[in-house]
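Pasted below: model-v1.cif, mmCIF, C-alpha atoms.
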data_coords
loop_
_atom_site.group_PDB
_atom_site.id
_atom_site.type_symbol
_atom_site.label_atom_id
_atom_site.label_comp_id
_atom_site.auth_asym_id
_atom_site.auth_seq_id
_atom_site.Cartn_x
_atom_site.Cartn_y
_atom_site.Cartn_z
ATOM 1 C CA MET A 954 -25.863 9.668 25.396
ATOM 2 C CA ASN A 955 -22.522 11.247 26.093
ATOM 3 C CA THR A 956 -21.546 14.696 27.082
ATOM 4 C CA GLU A 957 -18.204 15.026 25.446
ATOM 5 C CA GLN A 958 -17.073 16.912 22.452
ATOM 6 C CA PRO A 959 -18.470 15.227 19.334
ATOM 7 C CA LEU A 960 -16.295 14.653 16.306
ATOM 8 C CA ASP A 961 -16.780 17.029 13.380
ATOM 9 C CA CYS A 962 -16.876 15.765 9.785
ATOM 10 C CA ASN A 963 -13.574 17.449 8.903
ATOM 11 C CA GLU A 964 -11.925 15.595 11.812
ATOM 12 C CA LEU A 965 -13.539 12.263 11.042
ATOM 13 C CA VAL A 966 -12.249 12.184 7.445
ATOM 14 C CA GLU A 967 -8.676 12.228 8.764
ATOM 15 C CA LEU A 968 -9.263 9.204 11.020
ATOM 16 C CA VAL A 969 -10.681 6.772 8.465
ATOM 17 C CA THR A 970 -7.483 4.773 7.882
ATOM 18 C CA ASP A 971 -6.887 4.463 11.647
ATOM 19 C CA TYR A 972 -10.516 3.401 11.999
ATOM 20 C CA LEU A 973 -10.179 0.738 9.301
ATOM 21 C CA ASP A 974 -6.843 -0.456 10.770
ATOM 22 C CA GLY A 975 -8.418 -0.697 14.211
ATOM 23 C CA THR A 976 -5.813 1.571 15.768
ATOM 24 C CA LEU A 977 -8.053 4.293 17.231
ATOM 25 C CA ASP A 978 -8.258 4.290 21.002
ATOM 26 C CA LEU A 979 -11.667 2.993 22.079
ATOM 27 C CA HIS A 980 -12.807 6.412 23.202
ATOM 28 C CA THR A 981 -12.137 7.968 19.781
ATOM 29 C CA ARG A 982 -13.567 4.924 18.052
ATOM 30 C CA ALA A 983 -16.818 5.394 19.972
ATOM 31 C CA ARG A 984 -16.980 9.069 18.936
ATOM 32 C CA PHE A 985 -16.362 7.981 15.334
ATOM 33 C CA ASP A 986 -19.146 5.370 15.445
ATOM 34 C CA GLU A 987 -21.562 7.787 17.115
ATOM 35 C CA HIS A 988 -20.880 10.434 14.501
ATOM 36 C CA LEU A 989 -21.564 7.946 11.692
ATOM 37 C CA LEU A 990 -24.984 7.122 13.144
ATOM 38 C CA GLY A 991 -26.134 10.680 12.621
ATOM 39 C CA CYS A 992 -24.213 11.741 9.518
ATOM 40 C CA ASP A 993 -25.001 10.350 6.069
ATOM 41 C CA GLY A 994 -22.193 12.390 4.501
ATOM 42 C CA CYS A 995 -19.540 10.708 6.641
ATOM 43 C CA ALA A 996 -21.160 7.284 6.292
ATOM 44 C CA ASN A 997 -20.914 7.827 2.534
ATOM 45 C CA TYR A 998 -17.344 9.045 2.855
ATOM 46 C CA LEU A 999 -16.438 5.836 4.689
ATOM 47 C CA GLN A 1000 -18.177 3.800 1.976
ATOM 48 C CA GLN A 1001 -16.185 5.692 -0.692
ATOM 49 C CA PHE A 1002 -12.993 4.979 1.197
ATOM 50 C CA ARG A 1003 -13.736 1.269 1.509
ATOM 51 C CA THR A 1004 -14.540 1.137 -2.213
ATOM 52 C CA THR A 1005 -11.266 2.939 -2.960
ATOM 53 C CA VAL A 1006 -9.287 0.397 -0.930
ATOM 54 C CA ALA A 1007 -11.133 -2.484 -2.620
ATOM 55 C CA THR A 1008 -10.389 -0.998 -6.057
ATOM 56 C CA LEU A 1009 -6.701 -0.620 -5.185
ATOM 57 C CA GLY A 1010 -6.759 -4.312 -4.291
ATOM 58 C CA ARG A 1011 -7.824 -5.055 -7.869
ATOM 59 C CA VAL A 1012 -4.910 -3.169 -9.433
ATOM 60 C CA SER A 1013 -3.134 -6.147 -10.876
ATOM 61 C CA GLU A 1014 0.531 -6.345 -11.496
ATOM 62 C CA ASP A 1015 1.756 -6.042 -15.026
ATOM 63 C CA ALA A 1016 3.189 -9.243 -16.439
ATOM 64 C CA ILE A 1017 6.980 -9.418 -16.426
ATOM 65 C CA ASP A 1018 8.793 -8.398 -19.558
ATOM 66 C CA PRO A 1019 9.664 -11.774 -21.181
ATOM 67 C CA ALA A 1020 13.279 -10.722 -21.822
ATOM 68 C CA PHE A 1021 13.759 -9.884 -18.148
ATOM 69 C CA ARG A 1022 12.109 -13.149 -17.127
ATOM 70 C CA ASP A 1023 14.542 -15.058 -19.373
ATOM 71 C CA LYS A 1024 17.434 -13.217 -17.780
ATOM 72 C CA LEU A 1025 16.316 -14.334 -14.326
ATOM 73 C CA LEU A 1026 15.866 -17.929 -15.480
ATOM 74 C CA ASP A 1027 19.354 -17.804 -17.026
ATOM 75 C CA ALA A 1028 20.717 -16.649 -13.684
ATOM 76 C CA PHE A 1029 19.081 -19.729 -12.195
ATOM 77 C CA LYS A 1030 20.687 -22.026 -14.774
ATOM 78 C CA ASN A 1031 24.105 -20.511 -14.100
ATOM 79 C CA TRP A 1032 23.647 -20.987 -10.388
ATOM 80 C CA ARG A 1033 22.457 -24.563 -10.755
ATOM 81 C CA MET B 838 21.234 -12.701 7.174
ATOM 82 C CA THR B 839 22.287 -11.041 10.388
ATOM 83 C CA GLY B 840 20.907 -7.572 10.808
ATOM 84 C CA TYR B 841 17.401 -8.472 9.695
ATOM 85 C CA HIS B 842 14.919 -9.093 12.423
ATOM 86 C CA LEU B 843 13.999 -12.552 11.321
ATOM 87 C CA ALA B 844 12.140 -13.389 14.506
ATOM 88 C CA GLU B 845 9.608 -10.643 13.801
ATOM 89 C CA MET B 846 8.749 -11.919 10.368
ATOM 90 C CA THR B 847 5.951 -14.298 9.589
ATOM 91 C CA THR B 848 7.157 -17.838 9.368
ATOM 92 C CA THR B 849 7.207 -19.905 6.233
ATOM 93 C CA SER B 850 4.017 -21.704 5.249
ATOM 94 C CA ALA B 851 3.904 -25.393 4.426
ATOM 95 C CA ASP B 852 3.338 -24.611 0.753
ATOM 96 C CA GLU B 853 6.373 -22.358 0.753
ATOM 97 C CA ALA B 854 8.444 -24.999 2.519
ATOM 98 C CA ASP B 855 7.750 -27.264 -0.464
ATOM 99 C CA LEU B 856 8.884 -24.555 -2.878
ATOM 100 C CA ILE B 857 12.071 -23.989 -0.921
ATOM 101 C CA ALA B 858 12.777 -27.700 -0.908
ATOM 102 C CA ALA B 859 12.244 -27.728 -4.684
ATOM 103 C CA LEU B 860 14.634 -24.793 -5.124
ATOM 104 C CA ARG B 861 17.257 -26.611 -3.090
ATOM 105 C CA ALA B 862 16.770 -29.539 -5.438
ATOM 106 C CA ARG B 863 17.515 -27.078 -8.290
ATOM 107 C CA ASP B 864 13.981 -27.329 -9.712
ATOM 108 C CA GLU B 865 13.671 -24.712 -12.439
ATOM 109 C CA VAL B 866 9.877 -24.886 -12.604
ATOM 110 C CA ALA B 867 9.656 -23.955 -8.948
ATOM 111 C CA PHE B 868 12.009 -21.040 -9.505
ATOM 112 C CA ALA B 869 10.003 -19.799 -12.501
ATOM 113 C CA ARG B 870 6.838 -19.980 -10.428
ATOM 114 C CA LEU B 871 8.391 -17.865 -7.694
ATOM 115 C CA VAL B 872 9.745 -15.384 -10.204
ATOM 116 C CA ASP B 873 6.328 -14.980 -11.811
ATOM 117 C CA GLN B 874 4.664 -14.627 -8.446
ATOM 118 C CA HIS B 875 6.933 -12.013 -6.871
ATOM 119 C CA THR B 876 8.860 -10.151 -9.575
ATOM 120 C CA PRO B 877 6.157 -7.665 -10.677
ATOM 121 C CA ALA B 878 5.595 -6.506 -7.096
ATOM 122 C CA MET B 879 9.341 -6.362 -6.466
ATOM 123 C CA LEU B 880 9.860 -4.177 -9.532
ATOM 124 C CA ARG B 881 7.069 -1.885 -8.437
ATOM 125 C CA VAL B 882 8.576 -1.402 -4.998
ATOM 126 C CA ALA B 883 12.191 -1.194 -6.210
ATOM 127 C CA ARG B 884 11.180 1.563 -8.613
ATOM 128 C CA GLY B 885 10.367 3.748 -5.593
ATOM 129 C CA TYR B 886 14.049 3.818 -4.670
ATOM 130 C CA VAL B 887 16.004 4.100 -7.881
ATOM 131 C CA ALA B 888 16.195 6.397 -10.849
ATOM 132 C CA SER B 889 15.044 4.157 -13.676
ATOM 133 C CA HIS B 890 13.254 0.970 -14.572
ATOM 134 C CA GLU B 891 16.577 -0.498 -15.721
ATOM 135 C CA VAL B 892 18.195 -0.008 -12.327
ATOM 136 C CA ALA B 893 15.080 -1.459 -10.666
ATOM 137 C CA GLU B 894 15.515 -4.591 -12.807
ATOM 138 C CA GLU B 895 19.155 -4.848 -11.735
ATOM 139 C CA VAL B 896 18.145 -4.576 -8.091
ATOM 140 C CA VAL B 897 15.492 -7.277 -8.523
ATOM 141 C CA GLN B 898 17.909 -9.551 -10.353
ATOM 142 C CA GLU B 899 20.512 -9.100 -7.625
ATOM 143 C CA THR B 900 17.860 -10.033 -5.062
ATOM 144 C CA TRP B 901 16.966 -13.272 -6.826
ATOM 145 C CA ILE B 902 20.642 -14.180 -7.067
ATOM 146 C CA ALA B 903 21.017 -13.458 -3.346
ATOM 147 C CA LEU B 904 18.117 -15.818 -2.694
ATOM 148 C CA LEU B 905 19.678 -18.584 -4.768
ATOM 149 C CA LYS B 906 23.012 -18.135 -3.045
ATOM 150 C CA GLY B 907 21.349 -18.206 0.356
ATOM 151 C CA ILE B 908 18.677 -20.845 -0.253
ATOM 152 C CA ASP B 909 20.658 -23.709 1.242
ATOM 153 C CA ARG B 910 20.947 -21.730 4.463
ATOM 154 C CA PHE B 911 17.427 -20.234 4.395
ATOM 155 C CA GLU B 912 15.934 -21.171 7.728
ATOM 156 C CA GLY B 913 12.293 -20.493 7.011
ATOM 157 C CA ARG B 914 11.900 -18.204 9.983
ATOM 158 C CA SER B 915 10.413 -15.555 7.720
ATOM 159 C CA SER B 916 8.074 -15.870 4.786
ATOM 160 C CA LEU B 917 9.918 -15.945 1.493
ATOM 161 C CA ARG B 918 8.196 -12.739 0.417
ATOM 162 C CA THR B 919 9.325 -10.943 3.544
ATOM 163 C CA TRP B 920 12.849 -12.173 3.001
ATOM 164 C CA LEU B 921 12.836 -11.089 -0.653
ATOM 165 C CA PHE B 922 11.526 -7.606 0.087
ATOM 166 C CA THR B 923 13.821 -7.070 3.063
ATOM 167 C CA VAL B 924 16.895 -7.983 1.070
ATOM 168 C CA MET B 925 15.702 -6.126 -1.998
ATOM 169 C CA ILE B 926 15.018 -2.880 -0.175
ATOM 170 C CA ASN B 927 18.486 -3.033 1.350
ATOM 171 C CA ILE B 928 20.025 -3.513 -2.073
ATOM 172 C CA ALA B 929 17.805 -0.787 -3.543
ATOM 173 C CA LYS B 930 18.830 1.679 -0.833
ATOM 174 C CA THR B 931 22.488 1.279 -1.722
ATOM 175 C CA ARG B 932 21.599 2.008 -5.358
ATOM 176 C CA GLY B 933 19.155 4.789 -4.561
ATOM 177 C CA LEU B 934 19.713 8.428 -5.334
ATOM 178 C CA ARG B 935 17.784 10.024 -2.564
ATOM 179 C CA ASP B 936 18.617 10.472 1.054
ATOM 180 C CA ARG B 937 15.606 9.533 3.089
ATOM 181 C CA THR B 938 16.988 9.339 6.596
ATOM 182 C CA ASP B 939 14.717 12.011 8.036
ATOM 183 C CA ALA B 940 11.542 10.697 6.409
ATOM 184 C CA ASP B 941 9.701 10.392 9.721
ATOM 185 C CA VAL B 942 10.443 14.009 10.567
ATOM 186 C CA GLN B 943 9.177 15.214 7.194
ATOM 187 C CA ILE B 944 5.973 13.224 7.533
ATOM 188 C CA ALA B 945 5.260 14.568 10.996
ATOM 189 C CA ALA B 946 5.865 18.137 9.850
ATOM 190 C CA TYR B 947 3.034 18.033 7.328
ATOM 191 C CA THR B 948 -0.310 18.955 8.841
ATOM 192 C CA GLY B 949 -2.677 19.706 5.940
ATOM 193 C CA GLY B 950 -6.007 17.888 5.585
ATOM 194 C CA THR B 951 -6.773 15.257 2.961
ATOM 195 C CA VAL B 952 -10.142 16.756 2.002
ATOM 196 C CA ASP B 953 -10.535 20.252 0.557
ATOM 197 C CA PRO B 954 -11.350 22.471 3.583
ATOM 198 C CA LYS B 955 -13.795 24.430 1.420
ATOM 199 C CA ARG B 956 -16.146 21.443 1.538
ATOM 200 C CA PHE B 957 -16.776 22.037 5.242
ATOM 201 C CA ARG B 958 -18.781 24.773 6.968
ATOM 202 C CA ASP B 959 -16.974 27.766 8.440
ATOM 203 C CA SER B 960 -16.609 28.554 12.109
ATOM 204 C CA ASP B 961 -19.485 31.091 11.983
ATOM 205 C CA ASP B 962 -21.895 28.360 10.847
ATOM 206 C CA PRO B 963 -24.087 26.661 13.482
ATOM 207 C CA TRP B 964 -22.436 23.373 12.382
ATOM 208 C CA PRO B 965 -18.787 24.288 11.922
ATOM 209 C CA GLY B 966 -16.627 21.539 10.460
ATOM 210 C CA HIS B 967 -19.583 19.688 8.956
ATOM 211 C CA TRP B 968 -20.166 19.057 5.261
ATOM 212 C CA LYS B 969 -21.686 21.953 3.360
ATOM 213 C CA ALA B 970 -25.082 21.037 1.921
ATOM 214 C CA ASP B 971 -23.818 20.853 -1.671
ATOM 215 C CA GLU B 972 -20.570 19.082 -0.728
ATOM 216 C CA VAL B 973 -21.964 16.021 1.052
ATOM 217 C CA PRO B 974 -20.346 12.864 -0.369
ATOM 218 C CA SER B 975 -22.535 10.369 -2.210
ATOM 219 C CA PRO B 976 -21.848 6.646 -2.096
ATOM 220 C CA PHE B 977 -19.723 5.218 -4.895
ATOM 221 C CA PRO B 978 -21.703 2.828 -7.097
ATOM 222 C CA ASP B 979 -21.338 -0.925 -6.813
ATOM 223 C CA THR B 980 -19.289 -2.095 -9.750
ATOM 224 C CA PRO B 981 -19.272 -5.837 -10.316
ATOM 225 C CA GLU B 982 -15.980 -7.100 -11.647
ATOM 226 C CA GLY B 983 -15.965 -7.013 -15.429
ATOM 227 C CA SER B 984 -18.474 -4.151 -15.639
ATOM 228 C CA VAL B 985 -17.615 -1.193 -17.850
ATOM 229 C CA LEU B 986 -17.709 1.318 -15.007
ATOM 230 C CA GLY B 987 -15.654 -1.029 -12.817
ATOM 231 C CA GLY B 988 -12.974 -1.117 -15.506
ATOM 232 C CA GLU B 989 -13.004 2.663 -15.803
ATOM 233 C CA LEU B 990 -12.649 3.151 -12.045
ATOM 234 C CA LEU B 991 -9.804 0.675 -11.990
ATOM 235 C CA ALA B 992 -8.047 2.654 -14.731
ATOM 236 C CA VAL B 993 -8.550 5.917 -12.803
ATOM 237 C CA THR B 994 -7.178 4.227 -9.679
ATOM 238 C CA ARG B 995 -4.104 2.908 -11.476
ATOM 239 C CA ARG B 996 -3.396 6.341 -12.980
ATOM 240 C CA GLU B 997 -3.769 8.137 -9.680
ATOM 241 C CA LEU B 998 -1.594 5.588 -7.880
ATOM 242 C CA ALA B 999 1.189 6.255 -10.379
ATOM 243 C CA LYS B 1000 0.911 9.999 -9.682
ATOM 244 C CA LEU B 1001 1.263 9.757 -5.898
ATOM 245 C CA PRO B 1002 4.437 11.049 -4.234
ATOM 246 C CA GLU B 1003 6.777 8.079 -4.077
ATOM 247 C CA ARG B 1004 6.549 7.272 -0.365
ATOM 248 C CA GLN B 1005 2.760 7.372 -0.438
ATOM 249 C CA ARG B 1006 2.822 5.241 -3.569
ATOM 250 C CA LEU B 1007 5.102 2.692 -1.913
ATOM 251 C CA VAL B 1008 2.967 2.391 1.191
ATOM 252 C CA VAL B 1009 -0.345 2.220 -0.711
ATOM 253 C CA THR B 1010 1.113 -0.336 -3.119
ATOM 254 C CA MET B 1011 2.396 -2.531 -0.320
ATOM 255 C CA ARG B 1012 -0.662 -2.255 1.900
ATOM 256 C CA ASP B 1013 -3.544 -2.196 -0.573
ATOM 257 C CA VAL B 1014 -2.254 -3.626 -3.842
ATOM 258 C CA LEU B 1015 0.024 -6.296 -2.347
ATOM 259 C CA ASP B 1016 -2.043 -6.723 0.829
ATOM 260 C CA MET B 1017 0.898 -6.628 3.251
ATOM 261 C CA ASP B 1018 0.081 -5.874 6.866
ATOM 262 C CA SER B 1019 0.886 -2.676 8.673
ATOM 263 C CA ALA B 1020 3.703 -4.107 10.796
ATOM 264 C CA GLU B 1021 5.493 -5.605 7.807
ATOM 265 C CA VAL B 1022 5.300 -2.409 5.758
ATOM 266 C CA SER B 1023 6.496 -0.260 8.661
ATOM 267 C CA ARG B 1024 9.443 -2.554 9.186
ATOM 268 C CA LEU B 1025 10.347 -2.861 5.505
ATOM 269 C CA LEU B 1026 10.212 0.890 4.946
ATOM 270 C CA ASP B 1027 11.709 1.741 8.314
ATOM 271 C CA LEU B 1028 8.782 3.957 9.290
ATOM 272 C CA SER B 1029 6.953 4.293 12.576
ATOM 273 C CA PRO B 1030 3.540 2.571 12.389
ATOM 274 C CA ALA B 1031 1.835 5.948 12.823
ATOM 275 C CA ASN B 1032 3.729 7.558 9.938
ATOM 276 C CA GLN B 1033 3.134 4.519 7.786
ATOM 277 C CA ARG B 1034 -0.586 5.086 8.354
ATOM 278 C CA VAL B 1035 -0.321 8.802 7.637
ATOM 279 C CA LEU B 1036 1.231 8.048 4.231
ATOM 280 C CA LEU B 1037 -1.344 5.335 3.558
ATOM 281 C CA HIS B 1038 -4.181 7.660 4.466
ATOM 282 C CA ARG B 1039 -2.954 10.503 2.250
ATOM 283 C CA GLY B 1040 -2.426 8.177 -0.677
ATOM 284 C CA ARG B 1041 -5.832 6.534 -0.340
ATOM 285 C CA ALA B 1042 -7.496 9.927 0.101
ATOM 286 C CA ALA B 1043 -5.929 11.174 -3.151
ATOM 287 C CA VAL B 1044 -7.179 8.104 -5.025
ATOM 288 C CA ARG B 1045 -10.627 8.515 -3.457
ATOM 289 C CA GLN B 1046 -10.709 12.130 -4.620
ATOM 290 C CA ALA B 1047 -9.768 11.115 -8.172
ATOM 291 C CA LEU B 1048 -12.565 8.538 -8.206
ATOM 292 C CA GLU B 1049 -15.057 11.063 -6.879
ATOM 293 C CA ASN B 1050 -14.024 13.586 -9.533
ATOM 294 C CA TYR B 1051 -14.375 10.950 -12.228
ATOM 295 C CA LEU B 1052 -17.837 9.896 -11.054
ATOM 296 C CA LYS B 1053 -18.996 13.531 -10.911
ATOM 297 C CA GLU B 1054 -17.976 14.317 -14.458
ATOM 298 C CA PRO B 1055 -21.020 14.897 -16.631
ATOM 299 C CA VAL B 1056 -21.483 11.980 -19.001
#

Please express what this file holds, its structure, as structure tokens.
Amino acid sequence: MNTEQPLDCNELVELVTDYLDGTLDLHTRARFDEHLLGCDGCANYLQQFRTTVATLGRVSEDAIDPAFRDKLLDAFKNWR
Amino acid sequence: MTGYHLAEMTTTSADEADLIAALRARDEVAFARLVDQHTPAMLRVARGYVASHEVAEEVVQETWIALLKGIDRFEGRSSLRTWLFTVMINIAKTRGLRDRTDADVQIAAYTGGTVDPKRFRDSDDPWPGHWKADEVPSPFPDTPEGSVLGGELLAVTRRELAKLPERQRLVVTMRDVLDMDSAEVSRLLDLSPANQRVLLHRGRAAVRQALENYLKEPV
């Protein structure tokens, strides 16, 4: 299908964030996509990466310490 | 707020315009809502600049006071969150201990891979650079929210995030935990977009590795 240098797995793993951000040039993106078609290991790596990003998105913030919250609301009352 | 590139920031949404109007009317409920919504993330980011949680709280408090003082002149050309983080990071920098002016240079100088090179075949293999047979990644399991394994993976993720070098932690927190976009994070942290992505990639890769290790542990 194409005659150029294919991407190796150890190169692909370094491009995953650029791939997900859509910042690879189209040529490299095509090499990435072609590699995935023939490589279960890298397809799985990409799936792991997507799952990692999704899990990070579920890391919730801790609630604010009530004493600190009161301090901020006091600052508001002083300002008002 | 001269000096901040307000034109580049996302503009204020209609919902936020209502909140700002309420703040101008000195509505305490609106202020409390904003505080609850933004303070945890602000503390998390501020902590990347200063020596202690106490100083981070001071920085966050100073930021809220700056907002109140400026609210009557707030023009809504940026989202409130962008405004808060821009001002806060500037305050935090003045309170910070570390000199980070050559951050971009340091990032560019690092060239190591994010996956253990031993997992790939050597140059004398017919498939150099490809996964070794016993090192091929397996998919992570689907974990519905509320499942036991899902909770465990979330705990592993939180732990690993806390262990990341601070700049990686900041970028991963802003991009993936707080869901900010690449342009906003680059601007807030004064990084080139490419270096912002390098830090994001290294941080994510470290968390991925921790999850893989956890899932491989014999039960």

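Atom CA of B:Lys930 sits 13.8 Å away from atom CA of B:Leu1007.
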
- Could you expand the PyMOL selection byres ((chain A) within 7 of (chain B)) into the explicit residues it covers here, written as a PyMOL selection string? chain A and resi 961-963+967+970+994+997-998+1000-1002+1005-1006+1008-1010+1012+1014-1017+1025-1026+1033

- Message: What does the structure give for the distance between atom CA of A:Trp1032 and atom CA of B:Trp920, in Å to one decimal?
- Response: 19.3 Å

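Take the candidates B:Glu1054, B:Asn1032, B:His890, B:Gly983 and check each one against A:Asp971 using all atoms listed in the file; the shortest distance goes to B:Asn1032.
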
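Distances from A:Gln958, A:Arg1022, A:Asn1031, A:Leu968 to A:Cys995 were compared using only C-alpha atoms, and the smallest one belongs to A:Leu968.
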
Taking (13.0, 6.4, -3.1) in the file's coordinates, which residues come within 12 Å, counting all atoms listed in the file, written as a PDB file with C-alpha atoms, in the coordinates of the input?
ATOM      1  CA  ARG B 881       7.069  -1.885  -8.437  1.00  0.00           C
ATOM      2  CA  VAL B 882       8.576  -1.402  -4.998  1.00  0.00           C
ATOM      3  CA  ALA B 883      12.191  -1.194  -6.210  1.00  0.00           C
ATOM      4  CA  ARG B 884      11.180   1.563  -8.613  1.00  0.00           C
ATOM      5  CA  GLY B 885      10.367   3.748  -5.593  1.00  0.00           C
ATOM      6  CA  TYR B 886      14.049   3.818  -4.670  1.00  0.00           C
ATOM      7  CA  VAL B 887      16.004   4.100  -7.881  1.00  0.00           C
ATOM      8  CA  ALA B 888      16.195   6.397 -10.849  1.00  0.00           C
ATOM      9  CA  SER B 889      15.044   4.157 -13.676  1.00  0.00           C
ATOM     10  CA  ALA B 893      15.080  -1.459 -10.666  1.00  0.00           C
ATOM     11  CA  ILE B 926      15.018  -2.880  -0.175  1.00  0.00           C
ATOM     12  CA  ASN B 927      18.486  -3.033   1.350  1.00  0.00           C
ATOM     13  CA  ALA B 929      17.805  -0.787  -3.543  1.00  0.00           C
ATOM     14  CA  LYS B 930      18.830   1.679  -0.833  1.00  0.00           C
ATOM     15  CA  THR B 931      22.488   1.279  -1.722  1.00  0.00           C
ATOM     16  CA  ARG B 932      21.599   2.008  -5.358  1.00  0.00           C
ATOM     17  CA  GLY B 933      19.155   4.789  -4.561  1.00  0.00           C
ATOM     18  CA  LEU B 934      19.713   8.428  -5.334  1.00  0.00           C
ATOM     19  CA  ARG B 935      17.784  10.024  -2.564  1.00  0.00           C
ATOM     20  CA  ASP B 936      18.617  10.472   1.054  1.00  0.00           C
ATOM     21  CA  ARG B 937      15.606   9.533   3.089  1.00  0.00           C
ATOM     22  CA  THR B 938      16.988   9.339   6.596  1.00  0.00           C
ATOM     23  CA  ALA B 940      11.542  10.697   6.409  1.00  0.00           C
ATOM     24  CA  PRO B1002       4.437  11.049  -4.234  1.00  0.00           C
ATOM     25  CA  GLU B1003       6.777   8.079  -4.077  1.00  0.00           C
ATOM     26  CA  ARG B1004       6.549   7.272  -0.365  1.00  0.00           C
ATOM     27  CA  GLN B1005       2.760   7.372  -0.438  1.00  0.00           C
ATOM     28  CA  ARG B1006       2.822   5.241  -3.569  1.00  0.00           C
ATOM     29  CA  LEU B1007       5.102   2.692  -1.913  1.00  0.00           C
ATOM     30  CA  VAL B1008       2.967   2.391   1.191  1.00  0.00           C
ATOM     31  CA  LEU B1026      10.212   0.890   4.946  1.00  0.00           C
TER      32      LEU B1026
END

- Rounded to one decimal place, report the atom CA of B:Gln1033-atom CA of A:Thr976 distance in Å.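 Going from atom CA of B:Gln1033 over to atom CA of A:Thr976 covers 12.3 Å.
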
- Message: Just checking: using only C-alpha atoms, which residue out of B:Asn1050, B:Leu904, B:Asp959, B:Val896 ends up closest to B:Met879?
- Response: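 Answer, going by the shortest atom-to-atom distance: B:Val896.
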
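Picked by the PyMOL selection byres ((chain A and resi 972) around 12) from the coordinates shown: Leu965, Val966, Glu967, Leu968, Val969, Thr970, Asp971, Leu973, Asp974, Gly975, Thr976, Leu977, Asp978, Leu979, His980, Thr981, Arg982, Ala983, Arg984, Phe985, Asp986, Leu989, Leu999, Phe1002 and Arg1003 of chain A; Arg1034 and His1038 of chain B.
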
Could those selected residues go to a file with C-alpha atoms, as a PDB file, in the coordinates of the input?
ATOM      1  CA  LEU A 965     -13.539  12.263  11.042  1.00  0.00           C
ATOM      2  CA  VAL A 966     -12.249  12.184   7.445  1.00  0.00           C
ATOM      3  CA  GLU A 967      -8.676  12.228   8.764  1.00  0.00           C
ATOM      4  CA  LEU A 968      -9.263   9.204  11.020  1.00  0.00           C
ATOM      5  CA  VAL A 969     -10.681   6.772   8.465  1.00  0.00           C
ATOM      6  CA  THR A 970      -7.483   4.773   7.882  1.00  0.00           C
ATOM      7  CA  ASP A 971      -6.887   4.463  11.647  1.00  0.00           C
ATOM      8  CA  LEU A 973     -10.179   0.738   9.301  1.00  0.00           C
ATOM      9  CA  ASP A 974      -6.843  -0.456  10.770  1.00  0.00           C
ATOM     10  CA  GLY A 975      -8.418  -0.697  14.211  1.00  0.00           C
ATOM     11  CA  THR A 976      -5.813   1.571  15.768  1.00  0.00           C
ATOM     12  CA  LEU A 977      -8.053   4.293  17.231  1.00  0.00           C
ATOM     13  CA  ASP A 978      -8.258   4.290  21.002  1.00  0.00           C
ATOM     14  CA  LEU A 979     -11.667   2.993  22.079  1.00  0.00           C
ATOM     15  CA  HIS A 980     -12.807   6.412  23.202  1.00  0.00           C
ATOM     16  CA  THR A 981     -12.137   7.968  19.781  1.00  0.00           C
ATOM     17  CA  ARG A 982     -13.567   4.924  18.052  1.00  0.00           C
ATOM     18  CA  ALA A 983     -16.818   5.394  19.972  1.00  0.00           C
ATOM     19  CA  ARG A 984     -16.980   9.069  18.936  1.00  0.00           C
ATOM     20  CA  PHE A 985     -16.362   7.981  15.334  1.00  0.00           C
ATOM     21  CA  ASP A 986     -19.146   5.370  15.445  1.00  0.00           C
ATOM     22  CA  LEU A 989     -21.564   7.946  11.692  1.00  0.00           C
ATOM     23  CA  LEU A 999     -16.438   5.836   4.689  1.00  0.00           C
ATOM     24  CA  PHE A1002     -12.993   4.979   1.197  1.00  0.00           C
ATOM     25  CA  ARG A1003     -13.736   1.269   1.509  1.00  0.00           C
TER      26      ARG A1003
ATOM     27  CA  ARG B1034      -0.586   5.086   8.354  1.00  0.00           C
ATOM     28  CA  HIS B1038      -4.181   7.660   4.466  1.00  0.00           C
TER      29      HIS B1038
END

- Query: Smallest atom-to-atom distance to B:Ile928: which of B:Lys955, B:Met1017, B:Val892, B:Arg910, using all atoms listed in the file?
  - Reply: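 Of B:Lys955, B:Met1017, B:Val892, B:Arg910, the one nearest B:Ile928, counting all atoms listed in the file, is B:Val892.
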
Could you work out an axis-aligned bounding box for all listed atoms of stretch 1038-1050 of chain B, with 8 Å added on each of the six sides, and give its centre and edge lengths in Å to one decimal, as JSON?
{"center_x": -8.7, "center_y": 10.1, "center_z": -2.5, "size_x": 28.6, "size_y": 23.1, "size_z": 30.0}
